[in-house]
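> Quick one: this structure, given as structure tokens, is what I'll be asking you about.
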Amino acid sequence: MNKKTKLLQANKKADVLIAADLLRASELVAVATETVYGLAADAKNPSAVEKIFIAKDRPSNHPLIVHISSFEKINYWVKDISPLAETIAKNFWPGPITLLLKKAEHISNVVTGGLDTIAIRIPKNTVLLELLDILDTGLAAPSANPHKRISPTTAQHVLDGLNGKIAAVLDDGPCEVGVESTILDLTTETPTILRQGPITQAMIEAVLKTHVINAQNHSLKVAGNMKEHYQPHTKALLMTLEEIKKYLLEPKNSDQKFAIMHYSKFKNSANSQPTNHVFQKMPYNKKAYARIMYRKLHELDAMQVDQILIEEPPKKDIWGDILDRLTKATAKN
Ligand code: TXA
Ligand code: MG
């Protein structure tokens with residue numbers, strides 16, 4: 001497809017109905033979730049789901065998350081709902097955690113990348129939940145960015161990456177959480193976190209009352225969990241504040257223009273010269289940081305600097321998802 005992508009408004013009922021019509025007609029519509037914007041297709045319609053892989057340029061064996069509107073509807077998609085799944089649902093849904101469960105026989109391999117498991121979640125976004133109820137289906141939706149690129153947290157980010165490749169984006173403002181859901185595998189003997197997210201290991205263990213494995217490096221296990229991901233076009237590096245300060249003073253960097261994304265107080269060296277670098281001060285509060293992380297990365301990437309230097313996040317569990325995303329965003333450099 002190469003036609004203009006419609007910009008629809010989530011606060012206009014007529015626009016929500018247009019989004020529903022497009023999805024019924026096997027088209028792709030980007031929708032806001034509380035985490036990031038998702039590129040949605042009717043998960044019951046394999047030929048619609050196939051379009052997601054083309055629009056994103058995503059390998060077809062990378063499985064997708066199916067979004068549903070209520071726990072009762074999960075029976076259609078999975079078999080053997082464990083009591084653990086019910087506990088997670090009761091405590092965290094709607095919200096930023098995805099469960100990996102055994103898929104029901106009739107679910108298309110296009111959605112699950114040929115696996116016998118399915119990733120499923122109830123998102124916390126009123127309009128998306130309404131849309132799911134209007135359609136009475138599940139929506140398969142990966143993040144609405146081109147493959148490996150920075151995830152979108154505004155409708156404009158979606159257009160920047162996918163304009164002309166998808167039918168519409170339903171603009172519901174900036175995403176509240178700003179970083180992708182935690183993925184928890186409940187098909188293994190011990191529940192295992194496959195992707196860190198806003199719901200942490202400690203939060204999960206507290207409600208499940210059992211040990212949970214935090215699999216940091218399971219990249220071989222699942223297509224779709226890649227070392228390089230969430231990447232700006234600009235060269236980006238992850239360093240401590242001290243390393244950043246040293247790096248800026250290296251002779252080879254003297255004619256380079258940097259963007260520096262930091263949360264610690266940044267004092268320039270003693271004789272602090274005015275610089276033409278861009279200093280992006282980030283919040284030290286994790287939730288506030290997460291909410292704007294991708295947006296700031298998009299902005300700094302658009303500034304035509306030579307390199308983006310990112311201060312390593314604090315080494316605390318709660319920051320695990322941020323560390324994961326920033327490590328992958330800077331992995332090739
Ligand atoms: O917050 C989120 O989770 C966002 C919003 C839109 O819901 N979605 C999202 O989707 O991040 P995506 O496709 O960008 O990332 C989903 C990850 C992929 O790394 C994929 O490999 C993994 O989930 N995944 C999906 N189904 C799986 C399965 N059956 N087994 C293992 N991993 C799976
Ligand atoms: Mg993604």
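FYI, nothing fancy with the structure tokens labels: chains A, B, ... in order, residues from 1 per chain, ligands from 1 as they appear.
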Find the nearest atom pair between each residue of chain A and ligand 1 for residues within 6 Å, count only C-alpha atoms and all ligand atoms, give distances in Å to one decimal, sort rows by chain and ascending number, and present the table as JSON lines.


```
{"residue": "A:Thr35", "atom": "CA", "partner": "ligand 1", "partner_atom_place_in_ligand_line": "1 (O)", "distance": 4.8}
{"residue": "A:Val36", "atom": "CA", "partner": "ligand 1", "partner_atom_place_in_ligand_line": "6 (C)", "distance": 5.4}
{"residue": "A:Tyr37", "atom": "CA", "partner": "ligand 1", "partner_atom_place_in_ligand_line": "6 (C)", "distance": 5.4}
{"residue": "A:Gly38", "atom": "CA", "partner": "ligand 1", "partner_atom_place_in_ligand_line": "6 (C)", "distance": 3.6}
{"residue": "A:His62", "atom": "CA", "partner": "ligand 1", "partner_atom_place_in_ligand_line": "21 (O)", "distance": 5.3}
{"residue": "A:Pro63", "atom": "CA", "partner": "ligand 1", "partner_atom_place_in_ligand_line": "26 (N)", "distance": 4.1}
{"residue": "A:Leu64", "atom": "CA", "partner": "ligand 1", "partner_atom_place_in_ligand_line": "25 (C)", "distance": 4.3}
{"residue": "A:Ile65", "atom": "CA", "partner": "ligand 1", "partner_atom_place_in_ligand_line": "25 (C)", "distance": 5.0}
{"residue": "A:Thr112", "atom": "CA", "partner": "ligand 1", "partner_atom_place_in_ligand_line": "29 (N)", "distance": 5.2}
{"residue": "A:Leu115", "atom": "CA", "partner": "ligand 1", "partner_atom_place_in_ligand_line": "29 (N)", "distance": 5.8}
{"residue": "A:Thr117", "atom": "CA", "partner": "ligand 1", "partner_atom_place_in_ligand_line": "29 (N)", "distance": 4.4}
{"residue": "A:Ile118", "atom": "CA", "partner": "ligand 1", "partner_atom_place_in_ligand_line": "29 (N)", "distance": 4.1}
{"residue": "A:Ala119", "atom": "CA", "partner": "ligand 1", "partner_atom_place_in_ligand_line": "26 (N)", "distance": 4.4}
{"residue": "A:Ala141", "atom": "CA", "partner": "ligand 1", "partner_atom_place_in_ligand_line": "6 (C)", "distance": 5.4}
{"residue": "A:Pro142", "atom": "CA", "partner": "ligand 1", "partner_atom_place_in_ligand_line": "13 (O)", "distance": 3.3}
{"residue": "A:Ser143", "atom": "CA", "partner": "ligand 1", "partner_atom_place_in_ligand_line": "14 (O)", "distance": 4.1}
{"residue": "A:Glu180", "atom": "CA", "partner": "ligand 1", "partner_atom_place_in_ligand_line": "1 (O)", "distance": 3.4}
{"residue": "A:Ser181", "atom": "CA", "partner": "ligand 1", "partner_atom_place_in_ligand_line": "1 (O)", "distance": 3.8}
{"residue": "A:Val222", "atom": "CA", "partner": "ligand 1", "partner_atom_place_in_ligand_line": "31 (C)", "distance": 5.3}
{"residue": "A:Ala223", "atom": "CA", "partner": "ligand 1", "partner_atom_place_in_ligand_line": "21 (O)", "distance": 5.4}
{"residue": "A:Gly224", "atom": "CA", "partner": "ligand 1", "partner_atom_place_in_ligand_line": "21 (O)", "distance": 3.5}
{"residue": "A:Asn225", "atom": "CA", "partner": "ligand 1", "partner_atom_place_in_ligand_line": "19 (O)", "distance": 4.3}
```

> If you keep N, CA, C and O atoms, can you produce a file of those selected residues as a PDB file, in the first residue's frame?


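Result file follows (result.pdb):
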```
ATOM      1  N   THR A  35       1.116   1.575  27.034  1.00  0.00           N
ATOM      2  CA  THR A  35       2.577   1.417  26.962  1.00  0.00           C
ATOM      3  C   THR A  35       3.136   2.183  25.767  1.00  0.00           C
ATOM      4  O   THR A  35       3.828   3.193  25.940  1.00  0.00           O
ATOM      5  N   VAL A  36       2.877   1.674  24.576  1.00  0.00           N
ATOM      6  CA  VAL A  36       3.301   2.333  23.335  1.00  0.00           C
ATOM      7  C   VAL A  36       2.154   2.186  22.329  1.00  0.00           C
ATOM      8  O   VAL A  36       1.212   1.432  22.573  1.00  0.00           O
ATOM      9  N   TYR A  37       2.239   2.879  21.184  1.00  0.00           N
ATOM     10  CA  TYR A  37       1.237   2.666  20.138  1.00  0.00           C
ATOM     11  C   TYR A  37       1.449   1.287  19.516  1.00  0.00           C
ATOM     12  O   TYR A  37       2.596   0.861  19.298  1.00  0.00           O
ATOM     13  N   GLY A  38       0.349   0.592  19.253  1.00  0.00           N
ATOM     14  CA  GLY A  38       0.416  -0.724  18.633  1.00  0.00           C
ATOM     15  C   GLY A  38      -0.129  -0.663  17.217  1.00  0.00           C
ATOM     16  O   GLY A  38      -1.004   0.154  16.903  1.00  0.00           O
ATOM     17  N   HIS A  62       8.388 -13.680  13.836  1.00  0.00           N
ATOM     18  CA  HIS A  62       8.343 -12.948  15.111  1.00  0.00           C
ATOM     19  C   HIS A  62       6.898 -12.892  15.613  1.00  0.00           C
ATOM     20  O   HIS A  62       6.070 -12.196  15.027  1.00  0.00           O
ATOM     21  N   PRO A  63       6.602 -13.601  16.698  1.00  0.00           N
ATOM     22  CA  PRO A  63       5.217 -13.697  17.148  1.00  0.00           C
ATOM     23  C   PRO A  63       4.658 -12.365  17.662  1.00  0.00           C
ATOM     24  O   PRO A  63       5.405 -11.485  18.070  1.00  0.00           O
ATOM     25  N   LEU A  64       3.331 -12.247  17.634  1.00  0.00           N
ATOM     26  CA  LEU A  64       2.663 -10.993  18.010  1.00  0.00           C
ATOM     27  C   LEU A  64       1.886 -11.147  19.315  1.00  0.00           C
ATOM     28  O   LEU A  64       1.503 -12.255  19.686  1.00  0.00           O
ATOM     29  N   ILE A  65       1.630 -10.026  19.969  1.00  0.00           N
ATOM     30  CA  ILE A  65       0.784 -10.029  21.162  1.00  0.00           C
ATOM     31  C   ILE A  65      -0.671  -9.809  20.728  1.00  0.00           C
ATOM     32  O   ILE A  65      -0.949  -8.933  19.908  1.00  0.00           O
ATOM     33  N   THR A 112       1.240 -16.364  15.850  1.00  0.00           N
ATOM     34  CA  THR A 112       2.187 -16.869  16.857  1.00  0.00           C
ATOM     35  C   THR A 112       3.552 -17.215  16.265  1.00  0.00           C
ATOM     36  O   THR A 112       4.385 -17.809  16.957  1.00  0.00           O
ATOM     37  N   LEU A 115       4.619 -20.818  16.652  1.00  0.00           N
ATOM     38  CA  LEU A 115       4.813 -21.421  17.980  1.00  0.00           C
ATOM     39  C   LEU A 115       3.490 -21.989  18.503  1.00  0.00           C
ATOM     40  O   LEU A 115       2.416 -21.623  18.026  1.00  0.00           O
ATOM     41  N   THR A 117       2.566 -21.416  21.506  1.00  0.00           N
ATOM     42  CA  THR A 117       2.191 -20.521  22.602  1.00  0.00           C
ATOM     43  C   THR A 117       1.635 -19.225  22.018  1.00  0.00           C
ATOM     44  O   THR A 117       1.883 -18.898  20.860  1.00  0.00           O
ATOM     45  N   ILE A 118       0.909 -18.494  22.862  1.00  0.00           N
ATOM     46  CA  ILE A 118       0.365 -17.203  22.415  1.00  0.00           C
ATOM     47  C   ILE A 118       0.578 -16.164  23.514  1.00  0.00           C
ATOM     48  O   ILE A 118       0.444 -16.462  24.705  1.00  0.00           O
ATOM     49  N   ALA A 119       0.952 -14.953  23.087  1.00  0.00           N
ATOM     50  CA  ALA A 119       1.145 -13.842  24.020  1.00  0.00           C
ATOM     51  C   ALA A 119      -0.143 -13.027  24.044  1.00  0.00           C
ATOM     52  O   ALA A 119      -0.692 -12.692  22.993  1.00  0.00           O
ATOM     53  N   ALA A 141      -1.180  -6.870  17.821  1.00  0.00           N
ATOM     54  CA  ALA A 141      -0.524  -5.569  17.677  1.00  0.00           C
ATOM     55  C   ALA A 141       0.886  -5.573  18.240  1.00  0.00           C
ATOM     56  O   ALA A 141       1.077  -5.642  19.447  1.00  0.00           O
ATOM     57  N   PRO A 142       1.865  -5.469  17.361  1.00  0.00           N
ATOM     58  CA  PRO A 142       3.218  -5.169  17.824  1.00  0.00           C
ATOM     59  C   PRO A 142       3.339  -3.664  17.975  1.00  0.00           C
ATOM     60  O   PRO A 142       2.425  -2.934  17.587  1.00  0.00           O
ATOM     61  N   SER A 143       4.443  -3.193  18.527  1.00  0.00           N
ATOM     62  CA  SER A 143       4.640  -1.750  18.577  1.00  0.00           C
ATOM     63  C   SER A 143       4.639  -1.205  17.142  1.00  0.00           C
ATOM     64  O   SER A 143       5.117  -1.856  16.225  1.00  0.00           O
ATOM     65  N   GLU A 180       7.255  -0.754  26.817  1.00  0.00           N
ATOM     66  CA  GLU A 180       6.472  -1.951  26.529  1.00  0.00           C
ATOM     67  C   GLU A 180       6.215  -2.821  27.762  1.00  0.00           C
ATOM     68  O   GLU A 180       7.014  -2.854  28.696  1.00  0.00           O
ATOM     69  N   SER A 181       5.146  -3.608  27.644  1.00  0.00           N
ATOM     70  CA  SER A 181       4.709  -4.476  28.745  1.00  0.00           C
ATOM     71  C   SER A 181       5.769  -5.506  29.121  1.00  0.00           C
ATOM     72  O   SER A 181       6.595  -5.912  28.308  1.00  0.00           O
ATOM     73  N   VAL A 222      13.529 -16.973  21.492  1.00  0.00           N
ATOM     74  CA  VAL A 222      12.375 -16.463  20.760  1.00  0.00           C
ATOM     75  C   VAL A 222      12.771 -15.480  19.674  1.00  0.00           C
ATOM     76  O   VAL A 222      13.443 -14.488  19.948  1.00  0.00           O
ATOM     77  N   ALA A 223      12.353 -15.772  18.448  1.00  0.00           N
ATOM     78  CA  ALA A 223      12.526 -14.790  17.395  1.00  0.00           C
ATOM     79  C   ALA A 223      11.755 -13.549  17.819  1.00  0.00           C
ATOM     80  O   ALA A 223      10.637 -13.649  18.310  1.00  0.00           O
ATOM     81  N   GLY A 224      12.317 -12.407  17.670  1.00  0.00           N
ATOM     82  CA  GLY A 224      11.598 -11.195  18.063  1.00  0.00           C
ATOM     83  C   GLY A 224      12.255 -10.545  19.261  1.00  0.00           C
ATOM     84  O   GLY A 224      12.088  -9.365  19.518  1.00  0.00           O
ATOM     85  N   ASN A 225      13.023 -11.332  20.023  1.00  0.00           N
ATOM     86  CA  ASN A 225      13.780 -10.736  21.113  1.00  0.00           C
ATOM     87  C   ASN A 225      15.213 -10.570  20.626  1.00  0.00           C
ATOM     88  O   ASN A 225      15.991 -11.502  20.604  1.00  0.00           O
TER      89      ASN A 225
END
```

> Can you build me a table of chain A residues sitting at most 8 Å from ligand 2, with the closest atom pair per residue and its distance in Å to one decimal, using only C-alpha atoms and all ligand atoms, sorted by chain and residue number, as JSON lines?


```
{"residue": "A:Pro142", "atom": "CA", "partner": "ligand 2", "partner_atom_place_in_ligand_line": "1 (Mg)", "distance": 5.6}
{"residue": "A:Ser143", "atom": "CA", "partner": "ligand 2", "partner_atom_place_in_ligand_line": "1 (Mg)", "distance": 4.3}
{"residue": "A:Ala144", "atom": "CA", "partner": "ligand 2", "partner_atom_place_in_ligand_line": "1 (Mg)", "distance": 7.3}
{"residue": "A:Asn145", "atom": "CA", "partner": "ligand 2", "partner_atom_place_in_ligand_line": "1 (Mg)", "distance": 7.0}
{"residue": "A:His147", "atom": "CA", "partner": "ligand 2", "partner_atom_place_in_ligand_line": "1 (Mg)", "distance": 7.5}
{"residue": "A:Lys148", "atom": "CA", "partner": "ligand 2", "partner_atom_place_in_ligand_line": "1 (Mg)", "distance": 7.4}
{"residue": "A:Ser151", "atom": "CA", "partner": "ligand 2", "partner_atom_place_in_ligand_line": "1 (Mg)", "distance": 6.3}
{"residue": "A:Glu180", "atom": "CA", "partner": "ligand 2", "partner_atom_place_in_ligand_line": "1 (Mg)", "distance": 7.6}
{"residue": "A:His229", "atom": "CA", "partner": "ligand 2", "partner_atom_place_in_ligand_line": "1 (Mg)", "distance": 7.9}
{"residue": "A:Tyr230", "atom": "CA", "partner": "ligand 2", "partner_atom_place_in_ligand_line": "1 (Mg)", "distance": 7.4}
```

> Which residues are near Asp172 of chain A? Cut-off 7 Å, only C-alpha atoms, ignore same chain within fewer than 4 positions. Put them as number ranges by chain.

A: 9-10, 32

> Please, could you write that set of residues out with N, CA and C atoms as a short mmCIF file (atom, residue, chain, number, x, y, z; two decimals), in the first residue's frame?


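And here's result.cif as it stands now:
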```cif
data_model
loop_
_atom_site.label_atom_id
_atom_site.label_comp_id
_atom_site.auth_asym_id
_atom_site.auth_seq_id
_atom_site.Cartn_x
_atom_site.Cartn_y
_atom_site.Cartn_z
N GLN A 9 -9.16 10.71 15.36
CA GLN A 9 -9.09 11.20 16.74
C GLN A 9 -9.87 10.27 17.68
N ALA A 10 -9.17 9.79 18.71
CA ALA A 10 -9.79 8.83 19.63
C ALA A 10 -10.95 9.43 20.42
N ALA A 32 -3.47 3.59 20.32
CA ALA A 32 -2.72 3.84 21.55
C ALA A 32 -3.01 2.74 22.56
#
```

> With distances taken over only C-alpha atoms, which of A:Lys79, A:His157, A:Lys44, A:Lys51 is nearest to Leu100 of chain A?

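Checking each of A:Lys79, A:His157, A:Lys44, A:Lys51 against Leu100 of chain A, counting only C-alpha atoms, the winner is A:Lys79.
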
> Could you pull out all residues of segment 53-135 of chain A with a DSSP call of helix (DSSP H, G or I) and give them as a PyMOL selection string?

chain A and resi 53-56+71-77+83-92+109-112+126-135

> Excluding segment 236-244 of chain A and residues on its chain fewer than 3 positions from it, collect all residues at most 6 Å away from it, counting only C-alpha atoms, and give them as a ChimeraX atom specification.

/A:247,307-312,330

> Once you have the residues from the selection above, write them out as a PDB file, in the first residue's frame, restricted to C-alpha atoms.


```
ATOM      1  CA  TYR A 247      34.385  11.095  26.243  1.00  0.00           C
ATOM      2  CA  GLN A 307      26.151  11.059  18.534  1.00  0.00           C
ATOM      3  CA  ILE A 308      23.685  10.577  21.371  1.00  0.00           C
ATOM      4  CA  LEU A 309      25.256   9.810  24.746  1.00  0.00           C
ATOM      5  CA  ILE A 310      22.873   8.272  27.241  1.00  0.00           C
ATOM      6  CA  GLU A 311      23.551   8.082  30.966  1.00  0.00           C
ATOM      7  CA  GLU A 312      23.175   4.542  32.325  1.00  0.00           C
ATOM      8  CA  THR A 330      22.804   1.362  21.783  1.00  0.00           C
TER       9      THR A 330
END
```

> Per DSSP on the backbone, what are the strand (DSSP E) residues of segment 112-301 of chain A, as a PyMOL selection string?

chain A and resi 117-121+139-140+168-171+182-185+192-195+213-214+235-239+258-262+278-281

> Find the residues near Ile150 of chain A: any atom within 12 Å, counting only C-alpha atoms, skip ones fewer than 3 places away on the same chain, and give them as a PyMOL selection string.

chain A and resi 36-37+143-147+153-154+157-158+160-161+178-180+228-234+293-302+325-326+328-330

> I need the chosen residues saved as an mmCIF file, in the first residue's frame, with C-alpha atoms.


```
data_model
loop_
_atom_site.group_PDB
_atom_site.id
_atom_site.type_symbol
_atom_site.label_atom_id
_atom_site.label_comp_id
_atom_site.auth_asym_id
_atom_site.auth_seq_id
_atom_site.Cartn_x
_atom_site.Cartn_y
_atom_site.Cartn_z
ATOM 1 C CA VAL A 36 3.301 2.333 23.335
ATOM 2 C CA TYR A 37 1.237 2.666 20.138
ATOM 3 C CA SER A 143 4.640 -1.750 18.577
ATOM 4 C CA ALA A 144 3.826 0.541 15.628
ATOM 5 C CA ASN A 145 7.404 1.279 14.560
ATOM 6 C CA PRO A 146 9.456 0.013 11.625
ATOM 7 C CA HIS A 147 11.379 -3.141 12.600
ATOM 8 C CA THR A 153 4.497 6.872 22.058
ATOM 9 C CA THR A 154 2.601 9.464 20.004
ATOM 10 C CA HIS A 157 5.868 8.935 15.879
ATOM 11 C CA VAL A 158 3.680 6.349 14.138
ATOM 12 C CA ASP A 160 7.023 9.364 11.040
ATOM 13 C CA GLY A 161 7.741 5.651 10.668
ATOM 14 C CA GLY A 178 5.803 4.837 27.709
ATOM 15 C CA VAL A 179 7.621 1.482 27.735
ATOM 16 C CA GLU A 180 6.472 -1.951 26.529
ATOM 17 C CA GLU A 228 19.617 -4.635 18.572
ATOM 18 C CA HIS A 229 16.244 -2.971 18.837
ATOM 19 C CA TYR A 230 14.589 0.407 19.609
ATOM 20 C CA GLN A 231 17.412 2.070 17.646
ATOM 21 C CA PRO A 232 17.839 5.706 16.670
ATOM 22 C CA HIS A 233 19.433 6.447 13.294
ATOM 23 C CA THR A 234 22.076 8.506 15.082
ATOM 24 C CA MET A 293 12.126 8.104 27.144
ATOM 25 C CA TYR A 294 11.137 7.147 23.601
ATOM 26 C CA ARG A 295 9.826 10.657 22.856
ATOM 27 C CA LYS A 296 13.151 12.200 23.848
ATOM 28 C CA LEU A 297 15.055 9.605 21.821
ATOM 29 C CA HIS A 298 12.924 10.462 18.773
ATOM 30 C CA GLU A 299 13.569 14.193 19.340
ATOM 31 C CA LEU A 300 17.316 13.852 19.833
ATOM 32 C CA ASP A 301 17.510 11.567 16.802
ATOM 33 C CA ALA A 302 15.887 14.288 14.675
ATOM 34 C CA ARG A 325 15.617 -0.867 26.148
ATOM 35 C CA LEU A 326 18.603 1.490 26.306
ATOM 36 C CA LYS A 328 19.335 -2.578 22.886
ATOM 37 C CA ALA A 329 19.016 0.985 21.546
ATOM 38 C CA THR A 330 22.804 1.362 21.783
#
```

> May I ask for the distance between atom CA of Ser254 of chain A and atom CA of Gln280 of chain A, given in Å to one decimal place?

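According to the coordinates, atom CA of Ser254 of chain A and atom CA of Gln280 of chain A are separated by 19.6 Å.
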
> Taking into account only C-alpha atoms, which residue in the set A:His67, A:Arg195, A:Lys103, A:Lys245 is nearest to Val31 of chain A?

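Smallest distance to Val31 of chain A is found for A:His67.
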
> Check the smallest atom-to-atom distance from each of A:Val278, A:Val110, A:Ala202, A:Ile318 to Asn61 of chain A using only C-alpha atoms, then report the winner.

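Nearest candidate to Asn61 of chain A out of A:Val278, A:Val110, A:Ala202, A:Ile318: A:Val110.
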
> Hey, can you check how far atom CA of Val169 of chain A sits from atom CA of Thr182 of chain A?

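The value is 24.2 Å.
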
> Taking 6 positions as the minimum chain separation for residues in the same chain, which residues sit within 10 Å of Gly138 of chain A when counting only C-alpha atoms? Answer as a count of residues only.

20

> I'd like the interatomic distance between atom CA of Asp133 of chain A and atom CA of Ser70 of chain A, to a tenth of an Å.

9.1 Å

> When you count only C-alpha atoms, which of these residues is closest to Ile260 of chain A: A:Asp306, A:Asp15, A:Tyr289, A:Ala30?

A:Asp306

> For Val78 of chain A, find every residue with an atom within 6 Å (counting only C-alpha atoms), except residues of its own chain fewer than 3 positions away, and show them as JSON, numbers by chain.

{"A": [75, 102, 103, 104]}

> Output all heavy atoms for every residue in the selection just made, as a short mmCIF file (atom, residue, chain, number, x, y, z; two decimals), in the first residue's frame.


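For reference, result.cif as written:
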```cif
data_model
loop_
_atom_site.label_atom_id
_atom_site.label_comp_id
_atom_site.auth_asym_id
_atom_site.auth_seq_id
_atom_site.Cartn_x
_atom_site.Cartn_y
_atom_site.Cartn_z
N ASN A 75 -10.53 -17.47 26.87
CA ASN A 75 -10.79 -18.88 26.54
C ASN A 75 -10.74 -19.17 25.06
O ASN A 75 -10.39 -20.27 24.64
CB ASN A 75 -12.17 -19.29 27.05
CG ASN A 75 -12.18 -19.29 28.56
OD1 ASN A 75 -11.43 -20.00 29.20
ND2 ASN A 75 -13.03 -18.42 29.14
N LYS A 102 -0.30 -21.51 26.47
CA LYS A 102 -0.47 -22.43 25.34
C LYS A 102 -1.62 -21.93 24.48
O LYS A 102 -2.69 -21.60 24.98
CB LYS A 102 -0.83 -23.83 25.87
CG LYS A 102 0.34 -24.53 26.52
CD LYS A 102 1.18 -25.25 25.48
CE LYS A 102 2.41 -25.88 26.13
NZ LYS A 102 3.60 -25.81 25.28
N LYS A 103 -1.40 -21.89 23.16
CA LYS A 103 -2.47 -21.37 22.30
C LYS A 103 -3.54 -22.42 22.05
O LYS A 103 -3.25 -23.63 22.04
CB LYS A 103 -1.88 -20.86 20.98
CG LYS A 103 -1.67 -21.89 19.91
CD LYS A 103 -1.27 -21.19 18.61
CE LYS A 103 -1.02 -22.19 17.51
NZ LYS A 103 -2.22 -22.61 16.81
N ALA A 104 -4.74 -21.95 21.81
CA ALA A 104 -5.81 -22.85 21.40
C ALA A 104 -5.50 -23.35 19.99
O ALA A 104 -4.91 -22.62 19.18
CB ALA A 104 -7.15 -22.11 21.43
#
```

> So, counting only C-alpha atoms, which residue among A:Leu101, A:Ala215, A:Leu323, A:Ala155 is closest to Thr192 of chain A?

A:Ala215
